[in-house]
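In what follows, a single structure is set out as structure tokens and then discussed.
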Amino acid sequence: MNFDYNEEQQLLADSVRRFLAKDYGFEARKKIVASKDGWSPAVWAQLAEMGLMGLPFSPDHGGFGGGAVDLMGVMEAAGDAMLVEPYLATVGLGAQFVARAGSDAQKKAILPAVVEGKLKMAFAHTEKGSRYNLSKVAAQAKKAGSGWEISGEKFVVLGAPSADTFVVSANTDKGLSLFLVKKESAKVKAYVTLDEQRAGDVSFSKAPGEMLGAEGGALPVIEEVMDFATALICAEAVGAMKFACDTTLEYLKTRKQFGVTIGTFQALQHRMVDMFVSYEQAKSMACLAASKFDSATDAKDRARSISAAKIKIADNCRHISQEAIQLHGGMGMTDEMKVSHTFKRLTMIAQQFGDAEHHLARFAKLS
Amino acid sequence: MNFDYNEEQQLLADSVRRFLAKDYGFEARKKIVASKDGWSPAVWAQLAEMGLMGLPFSPDHGGFGGGAVDLMGVMEAAGDAMLVEPYLATVGLGAQFVARAGSDAQKKAILPAVVEGKLKMAFAHTEKGSRYNLSKVAAQAKKAGSGWEISGEKFVVLGAPSADTFVVSANTDKGLSLFLVKKESAKVKAYVTLDEQRAGDVSFSKAPGEMLGAEGGALPVIEEVMDFATALICAEAVGAMKFACDTTLEYLKTRKQFGVTIGTFQALQHRMVDMFVSYEQAKSMACLAASKFDSATDAKDRARSISAAKIKIADNCRHISQEAIQLHGGMGMTDEMKVSHTFKRLTMIAQQFGDAEHHLARFAKLS
Amino acid sequence: MDLNYSQDESAFRDEVRGWIKQNLPQDLREKIANYDELGREDLLRWHKILAKKGWVAPAWPKDFGGNDWNVVQRYIFEEECGFAGTPPLIPFGLSMCGPVILRFGTPEQKKRFLPGIYNGDVFWCQGYSEPGSGSDLASLKTKAERQGDHYVVNGQKIWTTLGHIADWIFCLVRTDSTLSKRQEGISFLLIDMKTPGITVRPLILMDGGHEVNEVFFDNVKVPAENLIFEEGKGWTVAKYLLGHERMNTGRIGASKRELAKLKEFAAKQTGDDGKPLIEDSRFRDKLTRVEVELMALEITNLRFLDQMRRSGQPPGADVSMLKIKGTEIQQALTELSMQAVGPMAQPFKSVANDPDFDEFTAGLAPRYCNFRKTTIYAGSNEIQRNIISKMTLGL
Amino acid sequence: MDLNYSQDESAFRDEVRGWIKQNLPQDLREKIANYDELGREDLLRWHKILAKKGWVAPAWPKDFGGNDWNVVQRYIFEEECGFAGTPPLIPFGLSMCGPVILRFGTPEQKKRFLPGIYNGDVFWCQGYSEPGSGSDLASLKTKAERQGDHYVVNGQKIWTTLGHIADWIFCLVRTDSTLSKRQEGISFLLIDMKTPGITVRPLILMDGGHEVNEVFFDNVKVPAENLIFEEGKGWTVAKYLLGHERMNTGRIGASKRELAKLKEFAAKQTGDDGKPLIEDSRFRDKLTRVEVELMALEITNLRFLDQMRRSGQPPGADVSMLKIKGTEIQQALTELSMQAVGPMAQPFKSVANDPDFDEFTAGLAPRYCNFRKTTIYAGSNEIQRNIISKMTLGL
């Protein structure tokens, strides 16, 4: 039993934090968000330089062979700084499919490029009306010569505008399958998300695709990768919650009304305490999610833990974000304060990859 | 639009309150609860004397032709004093079936006796495993000569130990029907309930019964009477909540710790405020329940309002009762304090005739 | 007890409802329905339509364009506007500055300012809060120094709603800093926003919207005749204003409209199980609990009105309860709307102004963000709890 | 990061689990499972079994029967007891009075009192709270006046858990009322419950149970040798005691057992739709949220232990968090158990001692009532929030 990061994990987390503190302060981030593409190639290159792209991939492809726990410290730092670069889309989603389901040739073709920061990816899966149901896909794939042609429309594809290669889910005669599709064959309608990331709706019309993994065997892989990404955003949420709690506490200690700091008001003190308790409980579940992802004995055990974690994270994202704004009063409502951006990211994390209700249903089904 | 009781209603409520304040104080009630039968014939006679038994029955049978709204003030007073006499069982349930579904002969035979306080009734309906589902009945009725023979086991029959006549639900070939069964033909296993009333499990074995209402047509009547009784306990809850709020406020103003009354602590102030807001919201829904029962245009409209009211009452019973105890600290836990008894009654009302979840489901179905 | 409106009240409601239906311009109706931002012209257009009808300031004396509506009629009118989805009547002129001038103004001030307020020719904003004075209003520092026939104002106001489109601002300023009681030495001043020395800086909210501003005063010369009531008696004026009757604190009409809309579009959303989302008990029960809370609040509000009508007393701390519950309900509705669309809540703004971009759905999450303000503004819900605790409960 | 126990820790857990399985008498196990009240003999029987094994006071020095378990082992032991459902070890002797005597007692006092505590021959209770001194302990008034070689005690204690079956009581008493600082002039005194002048009055709780008492002292003569530490230094002793390491504040083992039991019997209950209640999402989701909260609390607790083990520091305000969440979970579980049985929650006590009366089901609602105490006792959850606010957050 041990809840510390090991030395490597700690060193990496520290260096990411140092880098973000230096080059990714609130003002620097604001400029990046306002830039044309909404993310910074320089930051991206730096993250790759630090080894973050390769962290969860095999040394065979230039990576470090890490698991979800190895990424926790990084994601916490990303949550604190609210990193908008397509790290989750590429490392947490897109490339995970290649690593877990790809052929040796596919891995060789893609993973080293990802590790070096030269290739960005995105997972095009959600469709209109599928909500959080992972198995509901209308997109179709038809055999065309030695390859496939993919047709369908995907929505809210995280990192779509910057992706070089998409992992796309579509049905063949044998069922749900995955395909690699180049950006040239995808039509992306880009937008900024509430939490200032870039995403898009992506349509494919007879787009040439290369099958990834077994035909008709996509669902378990999708579940696995989504669980992985969910564990990552749980850790990211913990980083963002920590900032929200710390900055609110700081505000209570400095903001004066009626001649005293507002932190002397007992009603606010008790609510601040409840925020911190929420944070600790959420952190515990983020630990569970990451470590169970790495160590679970079977898919059911894994999925159950991830859903349990996401229930708590979703509930506590709401609690902490709402209280952080309320206790800040008007100032917390303004775009000028970092905490309002943290509020937006926490709000989105609560729903991303399934809201509390989705995971309550999944948890019950798995019990 | 008018939220006051009319003069008659107000006079009656006042006289009930006066009587209960004088003869049904906490100590007097304690003695009644501890007595062999757990209720007081003297109080019962007094309630009849004041006209409470006849309130919601037709003048044809000696009553006053009142509706649910006319009973609100009485039930609020009963909730404040925590009346344990089988008033709800007789006037709110048993005799209501006779008044609403009975033949002229049955009305004549029963209602005047009820109005005079000479006949007590109970509704034997709930069975093991039926939970709050009103249509699930296993008891059977078979034709036997000109009458019927009823067999089955009923649970948690409110007022069973004191009932002279039972209204019993049972299935015939034509479906769910109601029957009048005399106490001599019923076997009652009596108990005290958590909230210090008397109830019992009642079994019938080929008990001679007289059909009440149309054969196979019982369900709409049961729904109607249960809605009536639900409206009554909503008003009763409001009376109990009012006491819980008032006595807790009083405690906050008198109990000293750290040299000051604990009502000076802002965290407690805000919680006390939330209790009062809860009370006002609950009271509004009790008004809705009673007045919609009396004025609803159809059964669906009625049922929807009653379920909405019960949802709010159930939620706020929990909120107010739990906070009342917590803010009282240890003292609130003791049998010596009236508030602990109010806690128990509010706890039971939250579940009686369907908990919040039951009524959420019903409300959704009716919308 | 009768929860229904009387025949007269019902007739009045029907009249109001019918008139709004006839007179609310379709484009304004749609802007509201789509949660579009309303500009100065949109707001004043509806204001003027109501002014022409004589319904814009019911509580004003008849001589100044008011009418004799009782509290119930005023409530009905406001709730009908809310339920129909009319543009809001901006309160700063009509229900704040106007009543103050009516109560404390000189005949000249009344003649000068009231018609512009009534007719919607002059757009007002409010200069109360300061960076250091939020909940603790009496600590305000903006200074006004008497110099001959004018005051020279220096200082800063914040949270000035619509200050960027306003013509005039009414301010609480400190005219005497030497007094020990902070409530003394405060004065109530009317200031033309075009006066040299005034700078308005937008405060963008987290949803990207521009509603509020900082207003800076740098040696702003204000004619002494713009002082309302006596110098140093501004706190009296402010207290009168705060106690001024407001009927629609709970915003029940608007919440009913939002609830109906949410139900309608939740029925069109698909749940995880492929059925309409509204049939999913997990979503439905959250919705039901808000619906029930709103039903309760409407009755609570009517109960208070009934009491007011009968007692002739202005509402007390009851208004605080309506504020607390009303804003909680508004927030719950915006949150459920955002949750109803599931993953589609994420998109915020199209990069290339894509005409297909679903602006309505994309507006739901920002709206949720924006509505966090409701429990903060107009006396935060914590302050409302303090008020009830003190005034109603005597703690 | 590794959330699992090490091989050694797992082996230890298996050893404890196996031993409890072998040594917990079946009748005691059933009493606990049925929520029966445990009497003095029941409690002491299990105490003595553990004492014989040498496991009754792990944190005591080895010389006095303790063992070298580290914090994780102690936690494991306590959680295994909780999960298996053993009778509780009454803390007044073993983890309150004992440690105090070990720290502050004279060699004579150690020799005289510790064996009885350890072996379970002497049953202790605690005399801290008074009617006027609950959360504000330092305001206590019970007086002890030195007269020659003894103290004369007058006053009243309240909430004395198990005082009616206790042999001895340790008390905080005021030996000097002249000092301005209320924490001074308090002394820590051991009193034989058989001493003339002591009256124990039951305080029946709302579930009908007799757990707590009032204890009245009327000129009770206590030998001066029963004073612990110096006269007037009782507050030092009390603070030491409050800071004394407790591992099972969250009572996670017991809650896991209750959760498993609740799931099992909710599967046997019928929902409104005729299916097992546990498949009803309305019930199930409430259960799941408690389950998840408990999973989180277990990990939070282990995180704190891991920190303690590494730092060698006693737990700080973290314990307050475990108390808050642990008791909330316990209350939620009792409430869900009551709700699970629906209308069957009403029966409380059979009138004619009917042998068929379902005592278990009838015990659920009273248990819910009884567990309201958990957020009140041992420092109410409000006090715990004050502690975190001050100690952890620096507010």
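Just so we're on the same page: first chain in the structure tokens is A, next is B, and so on; residues restart at 1 for each chain, and ligands are numbered from 1 in the order they show up.
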
### Query
Residues at most 9 Å from region 326-332 of chain D, counting only C-alpha atoms, excluding those fewer than 5 positions away in the same chain, as a list in words?
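Once the nearby chain positions are removed, what remains is Thr249, Gly250, Arg251, Ile252, Ala254, Ser255, Glu258, Lys286, Leu287, Val290, Glu291, Glu293, Leu294, Leu297, Met321, Ser337, Tyr368, Phe371, Arg372, Thr374, Thr375 and Asn381 of chain D.
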
With N, CA, C and O atoms retained, write the just-selected residues as a PDB file, in the first residue's frame.
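Dumped to out.pdb:
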```
ATOM      1  N   THR D 249     -11.913   5.919  12.966  1.00  0.00           N
ATOM      2  CA  THR D 249     -12.890   6.995  13.028  1.00  0.00           C
ATOM      3  C   THR D 249     -13.950   6.855  11.934  1.00  0.00           C
ATOM      4  O   THR D 249     -15.120   7.134  12.151  1.00  0.00           O
ATOM      5  N   GLY D 250     -13.522   6.424  10.757  1.00  0.00           N
ATOM      6  CA  GLY D 250     -14.456   6.305   9.637  1.00  0.00           C
ATOM      7  C   GLY D 250     -15.356   5.088   9.716  1.00  0.00           C
ATOM      8  O   GLY D 250     -16.338   4.998   8.989  1.00  0.00           O
ATOM      9  N   ARG D 251     -15.024   4.144  10.594  1.00  0.00           N
ATOM     10  CA  ARG D 251     -15.781   2.897  10.753  1.00  0.00           C
ATOM     11  C   ARG D 251     -16.097   2.251   9.405  1.00  0.00           C
ATOM     12  O   ARG D 251     -17.242   1.886   9.113  1.00  0.00           O
ATOM     13  N   ILE D 252     -15.064   2.144   8.615  1.00  0.00           N
ATOM     14  CA  ILE D 252     -15.254   1.686   7.246  1.00  0.00           C
ATOM     15  C   ILE D 252     -15.590   0.212   7.180  1.00  0.00           C
ATOM     16  O   ILE D 252     -16.452  -0.208   6.399  1.00  0.00           O
ATOM     17  N   ALA D 254     -17.185  -1.623   9.377  1.00  0.00           N
ATOM     18  CA  ALA D 254     -18.581  -1.832   9.767  1.00  0.00           C
ATOM     19  C   ALA D 254     -19.521  -1.364   8.656  1.00  0.00           C
ATOM     20  O   ALA D 254     -20.511  -2.037   8.341  1.00  0.00           O
ATOM     21  N   SER D 255     -19.216  -0.243   8.030  1.00  0.00           N
ATOM     22  CA  SER D 255     -20.091   0.240   6.963  1.00  0.00           C
ATOM     23  C   SER D 255     -20.053  -0.685   5.759  1.00  0.00           C
ATOM     24  O   SER D 255     -21.065  -0.875   5.074  1.00  0.00           O
ATOM     25  N   GLU D 258     -22.411  -3.395   6.609  1.00  0.00           N
ATOM     26  CA  GLU D 258     -23.804  -2.948   6.513  1.00  0.00           C
ATOM     27  C   GLU D 258     -24.221  -2.799   5.047  1.00  0.00           C
ATOM     28  O   GLU D 258     -25.355  -3.112   4.680  1.00  0.00           O
ATOM     29  N   LYS D 286     -29.335   5.595  -5.250  1.00  0.00           N
ATOM     30  CA  LYS D 286     -29.039   6.131  -3.914  1.00  0.00           C
ATOM     31  C   LYS D 286     -28.012   5.225  -3.232  1.00  0.00           C
ATOM     32  O   LYS D 286     -27.062   5.695  -2.609  1.00  0.00           O
ATOM     33  N   LEU D 287     -28.236   3.922  -3.391  1.00  0.00           N
ATOM     34  CA  LEU D 287     -27.316   2.947  -2.809  1.00  0.00           C
ATOM     35  C   LEU D 287     -25.924   3.087  -3.428  1.00  0.00           C
ATOM     36  O   LEU D 287     -24.910   3.083  -2.726  1.00  0.00           O
ATOM     37  N   VAL D 290     -23.897   5.960  -2.090  1.00  0.00           N
ATOM     38  CA  VAL D 290     -23.316   5.675  -0.772  1.00  0.00           C
ATOM     39  C   VAL D 290     -22.136   4.723  -0.933  1.00  0.00           C
ATOM     40  O   VAL D 290     -21.080   4.910  -0.315  1.00  0.00           O
ATOM     41  N   GLU D 291     -22.305   3.739  -1.780  1.00  0.00           N
ATOM     42  CA  GLU D 291     -21.227   2.767  -1.998  1.00  0.00           C
ATOM     43  C   GLU D 291     -19.970   3.469  -2.507  1.00  0.00           C
ATOM     44  O   GLU D 291     -18.862   3.206  -2.041  1.00  0.00           O
ATOM     45  N   GLU D 293     -19.204   6.641  -2.189  1.00  0.00           N
ATOM     46  CA  GLU D 293     -18.668   7.503  -1.136  1.00  0.00           C
ATOM     47  C   GLU D 293     -17.829   6.676  -0.155  1.00  0.00           C
ATOM     48  O   GLU D 293     -16.780   7.131   0.323  1.00  0.00           O
ATOM     49  N   LEU D 294     -18.307   5.479   0.113  1.00  0.00           N
ATOM     50  CA  LEU D 294     -17.583   4.601   1.036  1.00  0.00           C
ATOM     51  C   LEU D 294     -16.276   4.114   0.419  1.00  0.00           C
ATOM     52  O   LEU D 294     -15.241   4.045   1.093  1.00  0.00           O
ATOM     53  N   LEU D 297     -13.969   6.925   0.761  1.00  0.00           N
ATOM     54  CA  LEU D 297     -13.521   7.159   2.140  1.00  0.00           C
ATOM     55  C   LEU D 297     -12.472   6.130   2.550  1.00  0.00           C
ATOM     56  O   LEU D 297     -11.519   6.461   3.256  1.00  0.00           O
ATOM     57  N   MET D 321     -12.235  14.784   9.065  1.00  0.00           N
ATOM     58  CA  MET D 321     -12.851  14.466   7.784  1.00  0.00           C
ATOM     59  C   MET D 321     -13.412  13.050   7.791  1.00  0.00           C
ATOM     60  O   MET D 321     -14.513  12.795   7.301  1.00  0.00           O
ATOM     61  N   SER D 337     -31.731   1.430   4.571  1.00  0.00           N
ATOM     62  CA  SER D 337     -32.270   0.164   5.078  1.00  0.00           C
ATOM     63  C   SER D 337     -33.730   0.335   5.461  1.00  0.00           C
ATOM     64  O   SER D 337     -34.572  -0.514   5.164  1.00  0.00           O
ATOM     65  N   TYR D 368     -32.255   3.691  12.377  1.00  0.00           N
ATOM     66  CA  TYR D 368     -32.086   4.974  11.677  1.00  0.00           C
ATOM     67  C   TYR D 368     -32.157   6.121  12.683  1.00  0.00           C
ATOM     68  O   TYR D 368     -31.321   7.027  12.675  1.00  0.00           O
ATOM     69  N   PHE D 371     -29.026   6.243  14.891  1.00  0.00           N
ATOM     70  CA  PHE D 371     -27.787   6.679  14.233  1.00  0.00           C
ATOM     71  C   PHE D 371     -27.727   8.182  13.990  1.00  0.00           C
ATOM     72  O   PHE D 371     -26.693   8.687  13.560  1.00  0.00           O
ATOM     73  N   ARG D 372     -28.815   8.885  14.246  1.00  0.00           N
ATOM     74  CA  ARG D 372     -28.689  10.345  14.173  1.00  0.00           C
ATOM     75  C   ARG D 372     -27.643  10.825  15.165  1.00  0.00           C
ATOM     76  O   ARG D 372     -27.076  11.912  15.020  1.00  0.00           O
ATOM     77  N   THR D 374     -24.740   9.803  15.596  1.00  0.00           N
ATOM     78  CA  THR D 374     -23.342   9.709  15.158  1.00  0.00           C
ATOM     79  C   THR D 374     -22.779  11.053  14.691  1.00  0.00           C
ATOM     80  O   THR D 374     -21.587  11.302  14.813  1.00  0.00           O
ATOM     81  N   THR D 375     -23.647  11.900  14.136  1.00  0.00           N
ATOM     82  CA  THR D 375     -23.140  13.206  13.706  1.00  0.00           C
ATOM     83  C   THR D 375     -23.139  14.217  14.849  1.00  0.00           C
ATOM     84  O   THR D 375     -22.765  15.371  14.664  1.00  0.00           O
ATOM     85  N   ASN D 381     -20.450  17.057  14.066  1.00  0.00           N
ATOM     86  CA  ASN D 381     -19.850  17.324  12.767  1.00  0.00           C
ATOM     87  C   ASN D 381     -19.644  18.820  12.516  1.00  0.00           C
ATOM     88  O   ASN D 381     -18.778  19.204  11.743  1.00  0.00           O
TER      89      ASN D 381
END
```

### Task
Report the residues of region 150-389 of chain D whose backbone DSSP state falls under strand (DSSP E or B), written as a ChimeraX atom specification.
/D:150-157,168-174,186-192,198-205,210-223,227-228,233,270,276,347-350

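Taking region 91-239 of chain D and asking which residues DSSP calls alpha helix (DSSP H) on the backbone, you get Pro91, Gly98, Pro99, Val100, Ile101, Leu102, Arg103, Phe104, Pro107, Glu108, Gln109, Lys110, Lys111, Arg112, Phe113, Leu114, Pro115, Gly116, Ile117, Tyr118, Asn119, Gly234, Trp235, Thr236, Val237, Ala238 and Lys239 of chain D.
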
Save the residues we just selected, N, CA and C atoms, as a compact mmCIF listing (two decimals), in the first residue's frame?
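File again.txt, as written:
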```txt
# COMPACT_ATOMS: atom_id res chain seq x y z
N PRO D 91 -14.36 1.98 24.34
CA PRO D 91 -13.09 2.73 24.32
C PRO D 91 -12.70 3.37 25.65
N GLY D 98 -6.95 4.24 29.86
CA GLY D 98 -5.69 3.49 29.86
C GLY D 98 -4.53 4.34 29.36
N PRO D 99 -4.62 4.85 28.14
CA PRO D 99 -3.52 5.67 27.62
C PRO D 99 -3.19 6.87 28.52
N VAL D 100 -4.22 7.44 29.14
CA VAL D 100 -3.97 8.57 30.04
C VAL D 100 -3.15 8.13 31.25
N ILE D 101 -3.52 7.00 31.82
CA ILE D 101 -2.77 6.51 32.97
C ILE D 101 -1.34 6.14 32.55
N LEU D 102 -1.24 5.54 31.36
CA LEU D 102 0.08 5.17 30.86
C LEU D 102 0.96 6.41 30.71
N ARG D 103 0.36 7.51 30.30
CA ARG D 103 1.14 8.72 30.02
C ARG D 103 1.36 9.55 31.29
N PHE D 104 0.32 9.65 32.12
CA PHE D 104 0.40 10.59 33.24
C PHE D 104 0.38 9.91 34.63
N PRO D 107 3.50 5.18 39.05
CA PRO D 107 3.68 3.71 38.98
C PRO D 107 2.59 2.98 39.76
N GLU D 108 2.19 3.54 40.89
CA GLU D 108 1.13 2.89 41.68
C GLU D 108 -0.18 2.86 40.91
N GLN D 109 -0.50 3.98 40.32
CA GLN D 109 -1.76 4.06 39.56
C GLN D 109 -1.74 3.08 38.40
N LYS D 110 -0.59 2.99 37.74
CA LYS D 110 -0.50 2.04 36.63
C LYS D 110 -0.75 0.62 37.12
N LYS D 111 -0.10 0.30 38.22
CA LYS D 111 -0.22 -1.05 38.74
C LYS D 111 -1.65 -1.34 39.18
N ARG D 112 -2.26 -0.33 39.72
CA ARG D 112 -3.59 -0.52 40.28
C ARG D 112 -4.67 -0.63 39.20
N PHE D 113 -4.58 0.24 38.16
CA PHE D 113 -5.71 0.34 37.24
C PHE D 113 -5.53 -0.40 35.91
N LEU D 114 -4.29 -0.47 35.43
CA LEU D 114 -4.14 -0.96 34.05
C LEU D 114 -4.54 -2.42 33.85
N PRO D 115 -4.18 -3.32 34.79
CA PRO D 115 -4.57 -4.73 34.55
C PRO D 115 -6.08 -4.91 34.43
N GLY D 116 -6.81 -4.21 35.26
CA GLY D 116 -8.28 -4.33 35.20
C GLY D 116 -8.84 -3.84 33.88
N ILE D 117 -8.24 -2.77 33.39
CA ILE D 117 -8.68 -2.25 32.10
C ILE D 117 -8.35 -3.24 30.99
N TYR D 118 -7.11 -3.72 31.04
CA TYR D 118 -6.65 -4.61 29.98
C TYR D 118 -7.46 -5.91 29.94
N ASN D 119 -7.64 -6.49 31.10
CA ASN D 119 -8.29 -7.80 31.14
C ASN D 119 -9.81 -7.74 31.03
N GLY D 234 -5.82 19.17 34.46
CA GLY D 234 -6.72 18.22 33.79
C GLY D 234 -6.91 18.52 32.31
N TRP D 235 -6.81 19.80 31.95
CA TRP D 235 -7.02 20.15 30.54
C TRP D 235 -5.90 19.60 29.66
N THR D 236 -4.69 19.58 30.21
CA THR D 236 -3.56 18.97 29.51
C THR D 236 -3.84 17.50 29.25
N VAL D 237 -4.37 16.84 30.27
CA VAL D 237 -4.70 15.42 30.14
C VAL D 237 -5.78 15.24 29.07
N ALA D 238 -6.81 16.10 29.15
CA ALA D 238 -7.93 15.96 28.22
C ALA D 238 -7.46 16.18 26.78
N LYS D 239 -6.58 17.16 26.59
CA LYS D 239 -6.09 17.42 25.24
C LYS D 239 -5.27 16.25 24.71
```

Within 9 Å of chain D, which residues of chain B show up? Give each one with its shortest atom-to-atom distance in Å (one decimal) and the two atoms involved, counting only C-alpha atoms, rows by chain then rising residue number, as a tab-separated table.
```
residue	atom	partner	partner_atom	distance
B:Lys36	CA	D:Val351	CA	8.7
B:Asp37	CA	D:Val351	CA	9.0
B:Thr126	CA	D:Pro343	CA	8.2
B:Lys128	CA	D:Met344	CA	8.4
B:Gly129	CA	D:Thr270	CA	5.3
B:Ser130	CA	D:Asp272	CA	6.7
B:Arg131	CA	D:Asp272	CA	5.7
B:Tyr132	CA	D:Asp272	CA	5.9
B:Asn133	CA	D:Asp272	CA	5.1
B:Leu134	CA	D:Asp272	CA	8.9
B:Lys136	CA	D:Gly274	CA	8.8
B:Phe155	CA	D:Met344	CA	7.8
B:Val156	CA	D:Met344	CA	6.7
B:Lys189	CA	D:Asp354	CA	7.3
B:Ala190	CA	D:Val351	CA	5.6
B:Tyr191	CA	D:Ser350	CA	4.2
B:Val192	CA	D:Lys349	CA	5.2
B:Thr193	CA	D:Pro347	CA	4.3
B:Leu194	CA	D:Phe348	CA	4.9
B:Asp195	CA	D:Gln346	CA	7.7
B:Glu196	CA	D:Phe348	CA	8.3
B:Arg198	CA	D:Pro347	CA	8.7
B:Ala199	CA	D:Pro347	CA	7.5
B:Gly200	CA	D:Pro347	CA	8.0
B:Arg255	CA	D:Gly132	CA	8.4
B:Lys256	CA	D:Gly132	CA	7.4
B:Gln257	CA	D:Asp136	CA	5.6
B:Phe258	CA	D:Asp136	CA	5.6
B:Gly259	CA	D:Ser139	CA	8.6
B:Ala267	CA	D:Glu382	CA	8.5
B:Leu268	CA	D:Glu382	CA	8.9
B:Gln322	CA	D:Arg372	CA	7.7
B:Ile325	CA	D:Arg372	CA	7.5
B:Gln326	CA	D:Ile376	CA	6.6
B:Leu327	CA	D:Ile376	CA	8.9
B:Gly329	CA	D:Ile376	CA	5.7
B:Gly330	CA	D:Ile376	CA	6.5
B:Gly332	CA	D:Met206	CA	8.5
B:Met333	CA	D:Leu205	CA	5.6
B:Thr334	CA	D:Leu205	CA	4.1
B:Asp335	CA	D:Met206	CA	4.4
B:Glu336	CA	D:Ile204	CA	7.5
B:Met337	CA	D:Met206	CA	8.7
B:Ser340	CA	D:Met206	CA	6.0
B:His341	CA	D:Met206	CA	7.1
B:Phe343	CA	D:Cys369	CA	8.4
B:Lys344	CA	D:Cys369	CA	7.5
B:Thr347	CA	D:Ala365	CA	8.7
B:Met348	CA	D:Gln346	CA	6.9
B:Gln351	CA	D:Gly342	CA	6.8
B:Gln352	CA	D:Pro343	CA	6.7
B:Phe353	CA	D:Pro343	CA	7.8
B:Gly354	CA	D:Gly342	CA	7.9
B:Asp355	CA	D:Gly342	CA	7.7
B:Glu357	CA	D:Arg282	CA	6.4
B:His358	CA	D:Asp272	CA	7.5
B:Ala361	CA	D:Arg282	CA	8.9
```

### Message
Quick check: residues of chain B within 10 Å of chain A, only C-alpha atoms, returned as a PyMOL selection string.
### Response
chain B and resi 265-271

### Message
If we count only C-alpha atoms and set the cut-off at 8 Å, which residues sit around Ala138 (chain B), ignoring sequence neighbours fewer than 3 positions away in its own chain? Please answer as JSON, numbers by chain.
### Response
{"B": [127, 152, 170, 171]}

### Message
Excluding region 10-18 of chain D and its own-chain neighbours fewer than 3 positions away, which residues fall within 9 Å of it when counting only C-alpha atoms? Please give them as a list in words.
### Response
Asn4, Tyr5, Ser6, Gln7, Lys21, Gln22, Asn23, Gln73, Ile76, Phe77, Glu80, Cys81 and Ala84 of chain D

### Message
Report as a list of chain:residue names all protein, DNA and RNA residues lying within 7 Å of region 390-395 of chain C, evaluated on only C-alpha atoms, omitting residues in the same chain fewer than 6 positions from it.
### Response
B:Gly263, B:Thr264, C:Ala317

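Here CA of Met1 (chain B) and CA of Phe363 (chain B) stand 25.4 Å from one another.
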
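Taking only C-alpha atoms, the non-local environment of Val167 (chain A) within 6 Å (same-chain residues fewer than 6 positions away omitted) comprises Gly94, Phe123, Ala124, Phe179 and Leu180 of chain A.
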
Store the residues picked out above, limited to N, CA, C and O atoms, as a CSV table (one decimal), in the first residue's frame.
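Below you can see again-v3.csv, which holds the result:
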```
chain,number,residue,atom,x,y,z
A,94,GLY,N,-6.7,8.7,-29.4
A,94,GLY,CA,-6.4,8.2,-30.7
A,94,GLY,C,-5.3,7.2,-30.7
A,94,GLY,O,-5.5,6.0,-31.2
A,123,PHE,N,-10.3,10.8,-31.9
A,123,PHE,CA,-11.2,9.6,-32.0
A,123,PHE,C,-12.6,10.1,-32.4
A,123,PHE,O,-13.3,10.8,-31.6
A,124,ALA,N,-13.0,9.7,-33.6
A,124,ALA,CA,-14.3,10.2,-34.1
A,124,ALA,C,-15.3,9.1,-33.9
A,124,ALA,O,-15.3,8.1,-34.6
A,179,PHE,N,-11.4,2.2,-37.7
A,179,PHE,CA,-10.6,2.5,-39.0
A,179,PHE,C,-9.7,3.7,-38.7
A,179,PHE,O,-10.0,4.6,-38.0
A,180,LEU,N,-8.6,3.6,-39.4
A,180,LEU,CA,-7.7,4.8,-39.5
A,180,LEU,C,-8.0,5.6,-40.7
A,180,LEU,O,-8.1,5.0,-41.8
```

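Every protein or nucleic acid residue with an atom no more than 8 Å from Gln384 (chain D), counting only C-alpha atoms and leaving out same-chain residues fewer than 6 positions away, appears here: D:Ser320, D:Met321, D:Lys323, D:Ile324.
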